[in-house]
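Student: The following file, run-v7.pdb, comprises PDB, C-alpha atoms:
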ATOM      1  CA  MET D  99     104.580 -82.330-104.549  1.00  0.00           C
ATOM      2  CA  ASP D 100     108.284 -82.530-103.779  1.00  0.00           C
ATOM      3  CA  PRO D 101     109.242 -79.654-101.382  1.00  0.00           C
ATOM      4  CA  ASP D 102     112.857 -79.476-102.627  1.00  0.00           C
ATOM      5  CA  ARG D 103     111.798 -79.284-106.257  1.00  0.00           C
ATOM      6  CA  PHE D 104     109.212 -76.621-105.442  1.00  0.00           C
ATOM      7  CA  PHE D 105     111.692 -74.588-103.407  1.00  0.00           C
ATOM      8  CA  PHE D 106     114.394 -74.421-106.040  1.00  0.00           C
ATOM      9  CA  ASN D 107     112.020 -73.977-108.989  1.00  0.00           C
ATOM     10  CA  VAL D 108     109.685 -71.335-107.568  1.00  0.00           C
ATOM     11  CA  ARG D 109     112.357 -68.936-106.310  1.00  0.00           C
ATOM     12  CA  PRO D 110     112.873 -67.171-109.680  1.00  0.00           C
ATOM     13  CA  TYR D 111     109.190 -66.205-109.749  1.00  0.00           C
ATOM     14  CA  PHE D 112     109.576 -64.169-106.575  1.00  0.00           C
ATOM     15  CA  LYS D 113     112.182 -61.921-108.160  1.00  0.00           C
ATOM     16  CA  PRO D 114     111.072 -58.382-109.063  1.00  0.00           C
ATOM     17  CA  HIS D 115     111.167 -57.439-112.750  1.00  0.00           C
ATOM     18  CA  VAL D 116     111.468 -53.990-114.332  1.00  0.00           C
ATOM     19  CA  VAL D 117     109.100 -53.378-117.249  1.00  0.00           C
ATOM     20  CA  CYS D 118     109.214 -49.992-118.990  1.00  0.00           C
ATOM     21  CA  GLY D 119     110.960 -48.483-115.991  1.00  0.00           C
ATOM     22  CA  THR D 120     108.431 -49.771-113.446  1.00  0.00           C
ATOM     23  CA  GLU D 121     109.378 -52.486-110.973  1.00  0.00           C
ATOM     24  CA  TYR D 122     106.863 -55.301-110.577  1.00  0.00           C
ATOM     25  CA  ARG D 123     107.194 -57.864-107.848  1.00  0.00           C
ATOM     26  CA  GLY D 124     106.950 -61.488-108.869  1.00  0.00           C
ATOM     27  CA  ALA D 125     104.421 -63.987-107.567  1.00  0.00           C
ATOM     28  CA  ASN D 126     103.810 -63.216-103.947  1.00  0.00           C
ATOM     29  CA  ALA D 127     100.820 -64.245-101.880  1.00  0.00           C
ATOM     30  CA  GLY D 128     101.617 -61.421 -99.453  1.00  0.00           C
ATOM     31  CA  ASP D 129     100.740 -58.712-101.951  1.00  0.00           C
ATOM     32  CA  TYR D 130      96.983 -58.894-101.580  1.00  0.00           C
ATOM     33  CA  SER D 131      95.676 -55.859 -99.745  1.00  0.00           C
ATOM     34  CA  ALA D 132      92.413 -57.651 -98.900  1.00  0.00           C
ATOM     35  CA  VAL D 133      94.277 -59.820 -96.388  1.00  0.00           C
ATOM     36  CA  ASN D 134      95.543 -56.694 -94.626  1.00  0.00           C
ATOM     37  CA  GLU D 135      92.065 -55.187 -94.691  1.00  0.00           C
ATOM     38  CA  ILE D 136      90.722 -58.261 -92.888  1.00  0.00           C
ATOM     39  CA  ASP D 137      93.603 -58.177 -90.369  1.00  0.00           C
ATOM     40  CA  LEU D 138      92.757 -54.561 -89.553  1.00  0.00           C
ATOM     41  CA  ALA D 139      88.952 -54.824 -89.646  1.00  0.00           C
ATOM     42  CA  LEU D 140      89.026 -57.712 -87.179  1.00  0.00           C
ATOM     43  CA  GLY D 141      91.357 -55.757 -84.898  1.00  0.00           C
ATOM     44  CA  LEU D 142      93.965 -58.513 -84.995  1.00  0.00           C
ATOM     45  CA  CYS D 143      96.578 -56.135 -86.421  1.00  0.00           C
ATOM     46  CA  ASP D 144      97.049 -52.421 -85.958  1.00  0.00           C
ATOM     47  CA  LEU D 145      98.597 -49.799 -88.230  1.00  0.00           C
ATOM     48  CA  THR D 146     100.095 -48.103 -85.165  1.00  0.00           C
ATOM     49  CA  ASP D 147     102.221 -51.235 -84.542  1.00  0.00           C
ATOM     50  CA  PRO D 148     105.649 -50.539 -86.122  1.00  0.00           C
ATOM     51  CA  PHE D 149     105.952 -54.201 -87.173  1.00  0.00           C
ATOM     52  CA  TYR D 150     102.664 -54.136 -89.059  1.00  0.00           C
ATOM     53  CA  GLN D 151     103.360 -50.647 -90.450  1.00  0.00           C
ATOM     54  CA  ARG D 152     106.502 -52.035 -92.113  1.00  0.00           C
ATOM     55  CA  ILE D 153     104.525 -54.890 -93.631  1.00  0.00           C
ATOM     56  CA  VAL D 154     101.997 -52.555 -95.205  1.00  0.00           C
ATOM     57  CA  ALA D 155     104.614 -49.971 -96.251  1.00  0.00           C
ATOM     58  CA  GLU D 156     106.817 -52.600 -97.919  1.00  0.00           C
ATOM     59  CA  LYS D 157     103.885 -54.061 -99.819  1.00  0.00           C
ATOM     60  CA  TYR D 158     102.203 -50.763-100.759  1.00  0.00           C
ATOM     61  CA  PRO D 159     104.085 -49.960-103.997  1.00  0.00           C
ATOM     62  CA  TYR D 160     103.372 -53.411-105.403  1.00  0.00           C
ATOM     63  CA  VAL D 161      99.632 -53.700-104.904  1.00  0.00           C
ATOM     64  CA  PRO D 162      97.331 -52.595-107.736  1.00  0.00           C
ATOM     65  CA  PRO D 163      96.710 -48.828-107.684  1.00  0.00           C
ATOM     66  CA  GLU D 164      92.999 -49.348-106.979  1.00  0.00           C
ATOM     67  CA  ASP D 165      93.887 -51.246-103.766  1.00  0.00           C
ATOM     68  CA  GLN D 166      96.421 -48.727-102.458  1.00  0.00           C
ATOM     69  CA  PRO D 167      93.914 -46.284-100.880  1.00  0.00           C
ATOM     70  CA  ARG D 168      92.473 -49.135 -98.793  1.00  0.00           C
ATOM     71  CA  LEU D 169      95.917 -49.695 -97.283  1.00  0.00           C
ATOM     72  CA  ARG D 170      96.196 -46.004 -96.393  1.00  0.00           C
ATOM     73  CA  THR D 171      92.703 -45.767 -94.915  1.00  0.00           C
ATOM     74  CA  PRO D 172      91.959 -49.067 -93.243  1.00  0.00           C
ATOM     75  CA  PRO D 173      88.406 -50.226 -92.574  1.00  0.00           C
ATOM     76  CA  ALA D 174      86.789 -49.485 -89.234  1.00  0.00           C
ATOM     77  CA  ASP D 175      87.688 -51.966 -86.516  1.00  0.00           C
ATOM     78  CA  LEU D 176      84.595 -54.190 -86.305  1.00  0.00           C
ATOM     79  CA  ARG D 177      85.071 -54.827 -82.584  1.00  0.00           C
ATOM     80  CA  HIS D 178      83.740 -51.343 -81.858  1.00  0.00           C
ATOM     81  CA  ARG D 179      80.450 -52.166 -83.609  1.00  0.00           C
ATOM     82  CA  LEU D 180      79.664 -55.171 -81.414  1.00  0.00           C
ATOM     83  CA  ALA D 181      77.440 -54.925 -78.391  1.00  0.00           C
ATOM     84  CA  PRO D 182      79.073 -56.836 -75.529  1.00  0.00           C
ATOM     85  CA  GLY D 183      77.484 -60.282 -75.462  1.00  0.00           C
ATOM     86  CA  GLY D 184      75.306 -59.339 -78.447  1.00  0.00           C
ATOM     87  CA  PRO D 185      74.132 -61.805 -81.094  1.00  0.00           C
ATOM     88  CA  ASN D 186      76.916 -60.976 -83.527  1.00  0.00           C
ATOM     89  CA  THR D 187      79.718 -61.604 -81.042  1.00  0.00           C
ATOM     90  CA  ASP D 188      79.798 -65.344 -81.744  1.00  0.00           C
ATOM     91  CA  ARG D 189      79.847 -64.722 -85.509  1.00  0.00           C
ATOM     92  CA  PHE D 190      82.634 -62.182 -85.125  1.00  0.00           C
ATOM     93  CA  LEU D 191      84.720 -64.606 -83.068  1.00  0.00           C
ATOM     94  CA  ALA D 192      84.089 -67.373 -85.637  1.00  0.00           C
ATOM     95  CA  VAL D 193      85.390 -65.091 -88.403  1.00  0.00           C
ATOM     96  CA  CYS D 194      88.469 -64.251 -86.296  1.00  0.00           C
ATOM     97  CA  ARG D 195      89.132 -67.963 -85.718  1.00  0.00           C
ATOM     98  CA  ALA D 196      88.708 -68.757 -89.436  1.00  0.00           C
ATOM     99  CA  HIS D 197      91.049 -65.939 -90.474  1.00  0.00           C
ATOM    100  CA  GLY D 198      93.670 -67.021 -87.936  1.00  0.00           C
ATOM    101  CA  ALA D 199      93.298 -70.652 -89.033  1.00  0.00           C
ATOM    102  CA  ALA D 200      93.995 -69.640 -92.649  1.00  0.00           C
ATOM    103  CA  TYR D 201      97.208 -67.882 -91.591  1.00  0.00           C
ATOM    104  CA  ALA D 202      98.260 -70.855 -89.463  1.00  0.00           C
ATOM    105  CA  PHE D 203      97.442 -73.309 -92.267  1.00  0.00           C
ATOM    106  CA  HIS D 204      99.542 -71.319 -94.740  1.00  0.00           C
ATOM    107  CA  HIS D 205     102.465 -71.238 -92.345  1.00  0.00           C
ATOM    108  CA  HIS D 206     102.406 -74.844 -91.156  1.00  0.00           C
ATOM    109  CA  ARG D 207     101.384 -76.550 -94.395  1.00  0.00           C
ATOM    110  CA  LEU D 208     103.210 -74.377 -96.943  1.00  0.00           C
ATOM    111  CA  VAL D 209     105.929 -72.173 -95.425  1.00  0.00           C
ATOM    112  CA  LYS D 210     107.508 -74.745 -93.131  1.00  0.00           C
ATOM    113  CA  PRO D 211     107.601 -77.763 -95.493  1.00  0.00           C
ATOM    114  CA  PHE D 212     108.117 -75.930 -98.796  1.00  0.00           C
ATOM    115  CA  LEU D 213     110.422 -73.065 -97.762  1.00  0.00           C
ATOM    116  CA  GLN D 214     111.891 -73.552 -94.309  1.00  0.00           C
ATOM    117  CA  ALA D 215     112.654 -77.291 -94.467  1.00  0.00           C
ATOM    118  CA  PRO D 216     114.387 -77.266 -97.885  1.00  0.00           C
ATOM    119  CA  ALA D 217     116.439 -74.223 -96.845  1.00  0.00           C
ATOM    120  CA  ALA D 218     117.878 -76.261 -93.975  1.00  0.00           C
ATOM    121  CA  THR D 219     119.909 -78.247 -96.524  1.00  0.00           C
ATOM    122  CA  VAL D 220     121.452 -75.182 -98.173  1.00  0.00           C
ATOM    123  CA  PRO D 221     125.141 -74.613 -97.349  1.00  0.00           C
ATOM    124  CA  PRO D 222     125.582 -71.790 -94.792  1.00  0.00           C
ATOM    125  CA  ASP D 223     127.610 -69.640 -97.197  1.00  0.00           C
ATOM    126  CA  ARG D 224     124.630 -69.542 -99.611  1.00  0.00           C
ATOM    127  CA  LEU D 225     121.919 -68.771 -97.023  1.00  0.00           C
ATOM    128  CA  ALA D 226     122.414 -64.994 -97.116  1.00  0.00           C
ATOM    129  CA  LYS D 227     121.445 -64.867-100.798  1.00  0.00           C
ATOM    130  CA  LEU D 228     118.823 -67.588-100.706  1.00  0.00           C
ATOM    131  CA  THR D 229     115.836 -65.389-101.398  1.00  0.00           C
ATOM    132  CA  ALA D 230     115.552 -64.013-104.906  1.00  0.00           C
ATOM    133  CA  SER D 231     114.656 -60.594-103.496  1.00  0.00           C
ATOM    134  CA  GLY D 232     113.852 -59.083-100.161  1.00  0.00           C
ATOM    135  CA  PRO D 233     115.135 -60.054 -96.750  1.00  0.00           C
ATOM    136  CA  PRO D 234     116.975 -63.272 -95.872  1.00  0.00           C
ATOM    137  CA  LEU D 235     114.795 -66.367 -95.561  1.00  0.00           C
ATOM    138  CA  ASP D 236     115.113 -66.557 -91.768  1.00  0.00           C
ATOM    139  CA  VAL D 237     113.671 -63.038 -91.536  1.00  0.00           C
ATOM    140  CA  VAL D 238     110.861 -63.918 -93.953  1.00  0.00           C
ATOM    141  CA  VAL D 239     109.979 -67.014 -91.907  1.00  0.00           C
ATOM    142  CA  ALA D 240     110.138 -65.079 -88.601  1.00  0.00           C
ATOM    143  CA  THR D 241     107.879 -62.386 -90.060  1.00  0.00           C
ATOM    144  CA  LEU D 242     105.354 -64.967 -91.204  1.00  0.00           C
ATOM    145  CA  ALA D 243     105.426 -66.658 -87.800  1.00  0.00           C
ATOM    146  CA  ARG D 244     104.748 -63.343 -86.081  1.00  0.00           C
ATOM    147  CA  LEU D 245     101.840 -62.658 -88.443  1.00  0.00           C
ATOM    148  CA  VAL D 246     100.405 -66.065 -87.537  1.00  0.00           C
ATOM    149  CA  ASP D 247     100.651 -65.117 -83.874  1.00  0.00           C
ATOM    150  CA  LEU D 248      98.936 -61.771 -84.476  1.00  0.00           C
ATOM    151  CA  CYS D 249      96.147 -63.240 -86.574  1.00  0.00           C
ATOM    152  CA  THR D 250      95.519 -66.128 -84.192  1.00  0.00           C
ATOM    153  CA  ALA D 251      95.621 -63.717 -81.228  1.00  0.00           C
ATOM    154  CA  ARG D 252      98.544 -65.498 -79.594  1.00  0.00           C
ATOM    155  CA  SER D 253     100.499 -63.480 -77.069  1.00  0.00           C
ATOM    156  CA  ARG D 254     103.921 -65.000 -77.541  1.00  0.00           C
ATOM    157  CA  LYS D 255     106.958 -62.799 -76.870  1.00  0.00           C
ATOM    158  CA  HIS D 256     108.912 -61.907 -80.005  1.00  0.00           C
ATOM    159  CA  ARG D 257     112.427 -60.642 -80.057  1.00  0.00           C
ATOM    160  CA  GLN D 258     112.716 -57.245 -81.589  1.00  0.00           C
ATOM    161  CA  ASP D 259     114.416 -57.495 -84.964  1.00  0.00           C
ATOM    162  CA  SER D 260     114.471 -54.421 -87.151  1.00  0.00           C
ATOM    163  CA  ARG D 261     115.048 -56.693 -90.147  1.00  0.00           C
ATOM    164  CA  LEU D 262     111.554 -58.229 -89.908  1.00  0.00           C
ATOM    165  CA  SER D 263     109.673 -57.551 -93.096  1.00  0.00           C
ATOM    166  CA  THR D 264     106.818 -59.045 -95.075  1.00  0.00           C
ATOM    167  CA  ARG D 265     105.800 -62.309 -96.657  1.00  0.00           C
TER     168      ARG D 265
END
Would you give me this structure, written as structure tokens?

Tutor:
Amino acid sequence: MDPDRFFFNVRPYFKPHVVCGTEYRGANAGDYSAVNEIDLALGLCDLTDPFYQRIVAEKYPYVPPEDQPRLRTPPADLRHRLAPGGPNTDRFLAVCRAHGAAYAFHHHRLVKPFLQAPAATVPPDRLAKLTASGPPLDVVVATLARLVDLCTARSRKHRQDSRLSTR
């Protein structure tokens, strides 16, 4: 698939649409609450972290109503159910690695080549309005990179940016 063609053709599908007075977000892989439930259950993300709180709060109105309670009351952190060195520890760590690998795959095989790279050719005066909705693309990409770090348990320093949001 051609990254430039994808980039310029998919953007309209990310735009929110109002139907009968209700706003619906367009296609967005970040709107699945199950991903957040896994983040929280594995203990890789925490609802007391202001960064992650913003991600969940921004997404909340757009997830199906039946999924919304699960974002308000996250699952129990599975780490507390493991006996140190117990038989399930290896399985738990394998699930953490697989979940982190999925985030990293998404970022390095989809976000970078199909969003970040094509955006590099956009004239600077058009960058501010590059995304069809939501924050500027650089903020979206930085948010996704930080999520990769959280879900792969990397401890890289991130600059504080109040503009960081979801996707």

Student: When you look at D:Leu145 with a cut-off of 9 Å (counting only C-alpha atoms), what residues show up, excluding the ones that are within fewer than 6 positions of it in the same chain? I need them as a list in words.

Tutor: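 Near D:Leu145, the qualifying residues are Leu138, Gln151, Val154 and Pro172 of chain D.
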
Student: Looking at D:Pro163, D:Pro148, D:Gly198, D:Gly184, which one is nearest to D:Ala251, with distances taken over all atoms listed in the file?

Tutor: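 Nearest to D:Ala251: D:Gly198.
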
Student: Residues near stretch 101-105 of chain D, anyone? I mean within 9 Å using only C-alpha atoms, not counting same-chain ones fewer than 2 positions away, as an MDAnalysis selection string.

Tutor: chainID D and resid 99 107:109 211:213 215:217

Student: Of the residues D:Leu235, D:Ile153, D:Cys143, D:Val246, which is the one nearest to D:Ala200, using all atoms listed in the file?

Tutor: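 Counting all atoms listed in the file, the residue closest to D:Ala200 is D:Val246.
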
Student: Ranking D:Val117, D:Ala243, D:Leu169, D:Val161 by minimum distance to D:Val209 and counting all atoms listed in the file, which one comes first?

Tutor: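 That would be D:Ala243, the residue with the smallest distance to D:Val209.
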
Student: Work out how far atom CA of D:Asn134 is from atom CA of D:Arg152, in Å to one decimal.

Tutor: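 Between atom CA of D:Arg152 and atom CA of D:Asn134 the gap works out to 12.2 Å.
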
Student: By how many Å are atom CA of D:Arg170 and atom CA of D:Gly119 apart?

Tutor: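 Spanning atom CA of D:Arg170 to atom CA of D:Gly119 is a straight-line distance of 24.7 Å.
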
Student: Have a look at atom CA of D:Leu142 and atom CA of D:Cys249 and let me know their distance in Å, one decimal.

Tutor: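 So the answer is 5.4 Å.
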
Student: Taking only C-alpha atoms into account, which of D:Ser253, D:Gln214, D:Ser131, D:Thr146 comes nearest D:Pro167?

Tutor: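 For D:Pro167, the nearest of the candidates is D:Ser131.
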
Student: Where does the PyMOL selection byres ((chain D and resi 194) around 9) land in this file, that is, which residues does it pick, as number ranges by chain?

Tutor: D: 137, 140, 142, 189-193, 195-199, 249-251

Student: Please determine, counting all atoms listed in the file, which residue among D:Pro221, D:Glu135, D:Thr187, D:Val237 has the shortest atom-to-atom distance to D:Thr171.

Tutor: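 With all atoms listed in the file as the atom set, the closest residue is D:Glu135.
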
Student: Taking the file above as input, evaluate the PyMOL selection byres ((chain D and resi 176) around 10) and report the hits as a list of chain:residue names.

Tutor: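 For this structure, the PyMOL selection byres ((chain D and resi 176) around 10) captures D:Ile136, D:Leu138, D:Ala139, D:Leu140, D:Gly141, D:Pro173, D:Ala174, D:Asp175, D:Arg177, D:His178, D:Arg179, D:Leu180, D:Phe190.
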